[in-house]
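Peer 1: Take this structure first; my questions come after.
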Amino acid sequence: MKSTIENSRRKFLSKLALTAGATAGLSAIPKELIPGESITSSSNALEADIWFLKNVKGVHRVVYDAPEPHDGFPVIWSWVFMTTNNETGTRDEDMTSMVVLRHNTIAYALNDAIYEKYDIGEFFGVKDARTGKWAKRNPMWEPKEGDFPASVIQGIKQQQSRGALFCVCEMAMKMDSGDVARKMKLDPEEVKKDWYANLHPGIQPVPSGVWALGRAQEHGCKYIYAGG
């Protein structure tokens with residue numbers, strides 16, 4: 001049984017190495033993921049834990065698991081949760097709506113400049129609802145007329161001003177920026193830095209999306225799947 005688990009783990013690590021474009025076996029994998037090595041915290045793990053402690057609040061708490069863009073519905077459902085709680089007597093400061101942007105939905109964390117520079121819309125499957133083409137801007141940050149089914153729906157920036165929480169998966173950021181870099185024949189490290197530098201304000205990097213989903217539930221948030 002032990003050897004089976006170890007083999008499965010090594011296969012997973014090998015896949016990570018290939019995704020990261022490693023040319024020398026496990027040498028490109030972070031040290032904390034190598035079998036036999038001690039596990040150390042992500043550089044942002046402590047910061048992310050503090051973010052949870054400071055910001056999760058109220059009696060009514062939910063976390064949306066958003067692995068796919070799903071035509072903006074992860075953002076829409078967060079707005080619906082807050083709005084209908086307001087209508088039933090709960091103030092913004094007495095609830096928590098958190099959206100975990102992971103897998104392909106990390107696109108919603110990036111700004112317009114990155115969309116243009118790296119064809120983010122096509123890479124992650126984000127379409128501009130107004131044109132039907134791949135998005136050349138982030139339609140979820142400050143939506144324009146036609147981005148959402150109704151103009152009253154608020155984007156990420158407005159929801160943040162009401163206390164909604166959005167975080168982004170670092171694992172996906174690292175993997176996908178590397179993939180895009182190789183396709184464009186660019187330096188993966190430089191592309192990764194560019195993506196991090198162009199995250200929208202207030203969106204918290206977390207070690208992984210599934211890490212954040214676990215933490216959110218530990219802080220009393222009810223899990224809601226918001227994929228496609």
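Order determines the names: the first chain of the structure tokens is A, the second B, and so forth; residues in each chain are numbered 1 upward, and ligands are numbered 1 upward as they are shown.
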Distance table requested - segment 148-215 of chain A against segment 53-74 of chain A, cut-off 8 Å, only C-alpha atoms: one row per qualifying residue with the closest atom pair and its distance in Å to one decimal, ordered by chain and rising residue number, as CSV.

Peer 2:
```
residue,atom,partner,partner_atom,distance
A:Phe148,CA,A:Gly72,CA,7.6
A:Leu165,CA,A:Asn55,CA,7.8
A:Leu213,CA,A:Asp65,CA,7.1
```

Peer 1: Which residues, written as a PDB file with C-alpha atoms, in the first residue's frame, have at least one atom at most 7 Å from segment 107-114 of chain A, with only C-alpha atoms counted and residues fewer than 3 positions away on the same chain left out?

Peer 2:
```
ATOM      1  CA  ASN A 104      -9.189  28.795 -15.437  1.00  0.00           C
ATOM      2  CA  LYS A 117      -0.484  41.229 -23.775  1.00  0.00           C
ATOM      3  CA  TYR A 118      -0.989  37.474 -23.360  1.00  0.00           C
ATOM      4  CA  ILE A 120      -5.772  35.772 -21.631  1.00  0.00           C
ATOM      5  CA  PHE A 124      -8.643  30.687 -20.233  1.00  0.00           C
ATOM      6  CA  LYS A 136      -9.389  41.496 -24.572  1.00  0.00           C
ATOM      7  CA  ARG A 137     -10.169  42.930 -21.139  1.00  0.00           C
ATOM      8  CA  ASN A 138     -11.334  41.601 -17.797  1.00  0.00           C
ATOM      9  CA  MET A 140     -15.614  41.004 -14.314  1.00  0.00           C
ATOM     10  CA  VAL A 168      -6.560  33.692  -6.470  1.00  0.00           C
ATOM     11  CA  TRP A 195       1.059  38.477 -13.860  1.00  0.00           C
ATOM     12  CA  ASN A 198      -0.905  43.034 -12.592  1.00  0.00           C
ATOM     13  CA  LEU A 199      -3.343  41.377 -10.216  1.00  0.00           C
ATOM     14  CA  HIS A 200      -6.295  43.614  -9.486  1.00  0.00           C
ATOM     15  CA  ILE A 203      -7.445  40.085  -4.699  1.00  0.00           C
TER      16      ILE A 203
END
```

Peer 1: To one decimal in Å, tell me the separation between atom CA of Gln160 of chain A and atom CA of Ser78 of chain A.

Peer 2: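 Atom CA of Gln160 of chain A sits 10.6 Å away from atom CA of Ser78 of chain A.
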
Peer 1: Per DSSP on the backbone, filter segment 20-160 of chain A down to the residues in alpha helix (DSSP H) and report them as a PyMOL selection string.

Peer 2: chain A and resi 45-55+73-87+112-118+120-124+156-160

Peer 1: Let's have the selection written as a CSV table (one decimal), in the first residue's frame, with N, CA and C atoms.

Peer 2:
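Generated output (out-v3.csv):
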```
chain,number,residue,atom,x,y,z
A,45,ALA,N,1.6,32.2,2.5
A,45,ALA,CA,0.7,31.4,3.4
A,45,ALA,C,0.3,32.1,4.6
A,46,LEU,N,1.3,32.7,5.3
A,46,LEU,CA,1.0,33.4,6.6
A,46,LEU,C,0.1,34.6,6.3
A,47,GLU,N,0.4,35.4,5.2
A,47,GLU,CA,-0.3,36.5,4.8
A,47,GLU,C,-1.8,36.1,4.5
A,48,ALA,N,-1.9,35.0,3.8
A,48,ALA,CA,-3.3,34.6,3.5
A,48,ALA,C,-4.1,34.1,4.7
A,49,ASP,N,-3.4,33.5,5.6
A,49,ASP,CA,-4.1,33.1,6.9
A,49,ASP,C,-4.6,34.3,7.7
A,50,ILE,N,-3.7,35.3,7.7
A,50,ILE,CA,-4.1,36.6,8.4
A,50,ILE,C,-5.3,37.2,7.7
A,51,TRP,N,-5.3,37.2,6.3
A,51,TRP,CA,-6.4,37.7,5.5
A,51,TRP,C,-7.7,37.1,5.9
A,52,PHE,N,-7.7,35.8,6.1
A,52,PHE,CA,-8.9,35.0,6.5
A,52,PHE,C,-9.3,35.5,7.9
A,53,LEU,N,-8.4,35.6,8.8
A,53,LEU,CA,-8.7,36.0,10.2
A,53,LEU,C,-9.3,37.4,10.2
A,54,LYS,N,-8.8,38.3,9.4
A,54,LYS,CA,-9.2,39.7,9.5
A,54,LYS,C,-10.5,39.9,8.8
A,55,ASN,N,-10.8,39.2,7.7
A,55,ASN,CA,-11.9,39.5,6.8
A,55,ASN,C,-13.2,38.7,6.9
A,73,PHE,N,-20.7,33.7,-13.9
A,73,PHE,CA,-21.6,33.4,-12.8
A,73,PHE,C,-21.0,33.3,-11.4
A,74,PRO,N,-19.8,32.9,-11.3
A,74,PRO,CA,-19.2,33.0,-9.9
A,74,PRO,C,-19.3,34.3,-9.3
A,75,VAL,N,-19.1,35.4,-10.1
A,75,VAL,CA,-19.2,36.8,-9.6
A,75,VAL,C,-20.7,37.2,-9.5
A,76,ILE,N,-21.5,36.7,-10.4
A,76,ILE,CA,-22.9,37.0,-10.3
A,76,ILE,C,-23.5,36.4,-9.0
A,77,TRP,N,-23.2,35.2,-8.7
A,77,TRP,CA,-23.8,34.5,-7.6
A,77,TRP,C,-23.4,35.2,-6.2
A,78,SER,N,-22.1,35.7,-6.2
A,78,SER,CA,-21.7,36.4,-5.1
A,78,SER,C,-22.5,37.7,-4.9
A,79,TRP,N,-22.8,38.4,-5.9
A,79,TRP,CA,-23.6,39.6,-5.9
A,79,TRP,C,-25.1,39.2,-5.4
A,80,VAL,N,-25.6,38.1,-6.0
A,80,VAL,CA,-27.0,37.7,-5.6
A,80,VAL,C,-27.0,37.4,-4.1
A,81,PHE,N,-26.0,36.7,-3.6
A,81,PHE,CA,-26.0,36.3,-2.2
A,81,PHE,C,-26.0,37.6,-1.3
A,82,MET,N,-25.2,38.6,-1.6
A,82,MET,CA,-25.1,39.8,-0.8
A,82,MET,C,-26.4,40.6,-1.0
A,83,THR,N,-26.9,40.7,-2.2
A,83,THR,CA,-28.1,41.5,-2.4
A,83,THR,C,-29.4,41.0,-1.8
A,84,THR,N,-29.5,39.6,-1.9
A,84,THR,CA,-30.7,39.0,-1.3
A,84,THR,C,-30.6,39.0,0.3
A,85,ASN,N,-29.4,38.9,0.8
A,85,ASN,CA,-29.2,39.0,2.2
A,85,ASN,C,-29.6,40.4,2.7
A,86,ASN,N,-29.2,41.4,1.9
A,86,ASN,CA,-29.6,42.8,2.2
A,86,ASN,C,-31.2,42.9,2.3
A,87,GLU,N,-31.8,42.3,1.3
A,87,GLU,CA,-33.3,42.4,1.2
A,87,GLU,C,-34.0,41.7,2.3
A,112,ASP,N,-6.6,44.4,-17.4
A,112,ASP,CA,-6.8,44.5,-18.9
A,112,ASP,C,-5.5,44.4,-19.6
A,113,ALA,N,-4.4,45.0,-19.1
A,113,ALA,CA,-3.2,45.0,-19.8
A,113,ALA,C,-2.7,43.6,-20.0
A,114,ILE,N,-2.9,42.7,-19.0
A,114,ILE,CA,-2.4,41.4,-19.2
A,114,ILE,C,-3.3,40.6,-20.2
A,115,TYR,N,-4.6,40.9,-20.2
A,115,TYR,CA,-5.4,40.3,-21.2
A,115,TYR,C,-4.9,40.6,-22.6
A,116,GLU,N,-4.6,41.9,-22.9
A,116,GLU,CA,-4.1,42.3,-24.2
A,116,GLU,C,-2.7,41.6,-24.5
A,117,LYS,N,-1.9,41.6,-23.5
A,117,LYS,CA,-0.5,41.2,-23.8
A,117,LYS,C,-0.3,39.7,-24.0
A,118,TYR,N,-1.2,38.9,-23.3
A,118,TYR,CA,-1.0,37.5,-23.4
A,118,TYR,C,-2.2,36.7,-23.9
A,120,ILE,N,-5.2,36.5,-22.8
A,120,ILE,CA,-5.8,35.8,-21.6
A,120,ILE,C,-7.2,35.2,-21.9
A,121,GLY,N,-8.0,36.0,-22.6
A,121,GLY,CA,-9.3,35.5,-22.9
A,121,GLY,C,-9.4,34.2,-23.6
A,122,GLU,N,-8.6,34.1,-24.6
A,122,GLU,CA,-8.5,32.8,-25.4
A,122,GLU,C,-7.9,31.7,-24.6
A,123,PHE,N,-6.9,32.0,-23.9
A,123,PHE,CA,-6.1,30.9,-23.1
A,123,PHE,C,-7.0,30.3,-22.0
A,124,PHE,N,-7.8,31.2,-21.3
A,124,PHE,CA,-8.6,30.7,-20.2
A,124,PHE,C,-10.1,30.5,-20.6
A,156,ILE,N,-16.4,42.7,-9.6
A,156,ILE,CA,-15.6,42.4,-8.5
A,156,ILE,C,-15.2,43.7,-7.7
A,157,LYS,N,-14.9,44.8,-8.4
A,157,LYS,CA,-14.4,46.0,-7.7
A,157,LYS,C,-15.5,46.5,-6.8
A,158,GLN,N,-16.8,46.6,-7.3
A,158,GLN,CA,-17.9,47.1,-6.4
A,158,GLN,C,-18.2,46.2,-5.3
A,159,GLN,N,-18.1,44.9,-5.6
A,159,GLN,CA,-18.4,43.9,-4.5
A,159,GLN,C,-17.4,44.0,-3.4
A,160,GLN,N,-16.1,44.2,-3.8
A,160,GLN,CA,-15.1,44.4,-2.8
A,160,GLN,C,-15.4,45.6,-1.9
```

Peer 1: Would you mind writing down, as a list in words, each residue of segment 43-132 of chain A that DSSP on the backbone assigns to strand (DSSP E)?

Peer 2: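 Answer for segment 43-132 of chain A restricted to strand (DSSP E) is His60, Arg61, Val62, Val63, Tyr64, Asp65, Ala66, Met95, Thr96, Ser97, Met98, Val99, Val100 and Leu101 of chain A.
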
Peer 1: Record the distance separating atom CA of Gly163 of chain A and atom CA of Ser97 of chain A, expressed in Å with one decimal.

Peer 2: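 Atom-to-atom, atom CA of Gly163 of chain A and atom CA of Ser97 of chain A are spaced 7.8 Å apart.
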
Peer 1: So, with only C-alpha atoms as the atoms that count, which of A:Ala172, A:Val210, A:Cys167, A:Val180 lies closest to Met98 of chain A?

Peer 2: A:Cys167

Peer 1: For Met175 of chain A, which residue out of A:Asp94, A:Ala212, A:Ala226, A:His103 is the nearest one, using only C-alpha atoms?

Peer 2: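 The shortest atom-to-atom distance to Met175 of chain A comes from A:His103.
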
Peer 1: Would you mind listing what lies within 12 Å of Ala181 of chain A as a PyMOL selection string, with only C-alpha atoms counted and same-chain residues fewer than 2 positions away left out?

Peer 2: chain A and resi 19-21+117-120+123+173-179+183-195

Peer 1: Now that the selection is made, can you save its residues with C-alpha atoms as an mmCIF file, in the first residue's frame?

Peer 2:
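File out24.cif, as written:
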```
data_model
loop_
_atom_site.group_PDB
_atom_site.id
_atom_site.type_symbol
_atom_site.label_atom_id
_atom_site.label_comp_id
_atom_site.auth_asym_id
_atom_site.auth_seq_id
_atom_site.Cartn_x
_atom_site.Cartn_y
_atom_site.Cartn_z
ATOM 1 C CA THR A 19 3.987 21.366 -16.699
ATOM 2 C CA ALA A 20 6.662 23.644 -15.330
ATOM 3 C CA GLY A 21 8.905 22.822 -18.287
ATOM 4 C CA LYS A 117 -0.484 41.229 -23.775
ATOM 5 C CA TYR A 118 -0.989 37.474 -23.360
ATOM 6 C CA ASP A 119 -4.365 36.723 -25.022
ATOM 7 C CA ILE A 120 -5.772 35.772 -21.631
ATOM 8 C CA PHE A 123 -6.147 30.946 -23.104
ATOM 9 C CA MET A 173 -0.765 31.393 -11.494
ATOM 10 C CA LYS A 174 2.645 29.713 -11.541
ATOM 11 C CA MET A 175 1.654 26.817 -13.807
ATOM 12 C CA ASP A 176 -0.359 28.815 -16.330
ATOM 13 C CA SER A 177 2.032 31.746 -16.595
ATOM 14 C CA GLY A 178 4.759 29.211 -17.367
ATOM 15 C CA ASP A 179 2.615 27.543 -20.018
ATOM 16 C CA LYS A 183 3.994 29.127 -26.022
ATOM 17 C CA MET A 184 5.120 32.702 -26.602
ATOM 18 C CA LYS A 185 8.820 31.810 -26.231
ATOM 19 C CA LEU A 186 9.238 34.109 -23.231
ATOM 20 C CA ASP A 187 10.990 33.750 -19.893
ATOM 21 C CA PRO A 188 8.533 31.940 -17.535
ATOM 22 C CA GLU A 189 9.869 33.730 -14.475
ATOM 23 C CA GLU A 190 9.398 37.143 -16.057
ATOM 24 C CA VAL A 191 5.867 36.311 -17.207
ATOM 25 C CA LYS A 192 4.964 35.060 -13.735
ATOM 26 C CA LYS A 193 6.261 38.305 -12.197
ATOM 27 C CA ASP A 194 4.273 40.296 -14.753
ATOM 28 C CA TRP A 195 1.059 38.477 -13.860
#
```

Peer 1: Using only C-alpha atoms, which of the listed residues (A:Arg215, A:Arg102, A:Lys222, A:Lys127) sits closest to Asp147 of chain A?

Peer 2: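 Under the stated criterion, the closest residue is A:Lys127.
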
Peer 1: So what do you get for atom CA of Gly125 of chain A versus atom CA of Ile106 of chain A, distance-wise?

Peer 2: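 Atom CA of Ile106 of chain A lies at a distance of 11.0 Å from atom CA of Gly125 of chain A.
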
Peer 1: Quick one: of A:Cys169, A:Ala150, A:Thr88, A:Glu93, who's nearest to Ser208 of chain A, counting only C-alpha atoms?

Peer 2: A:Cys169
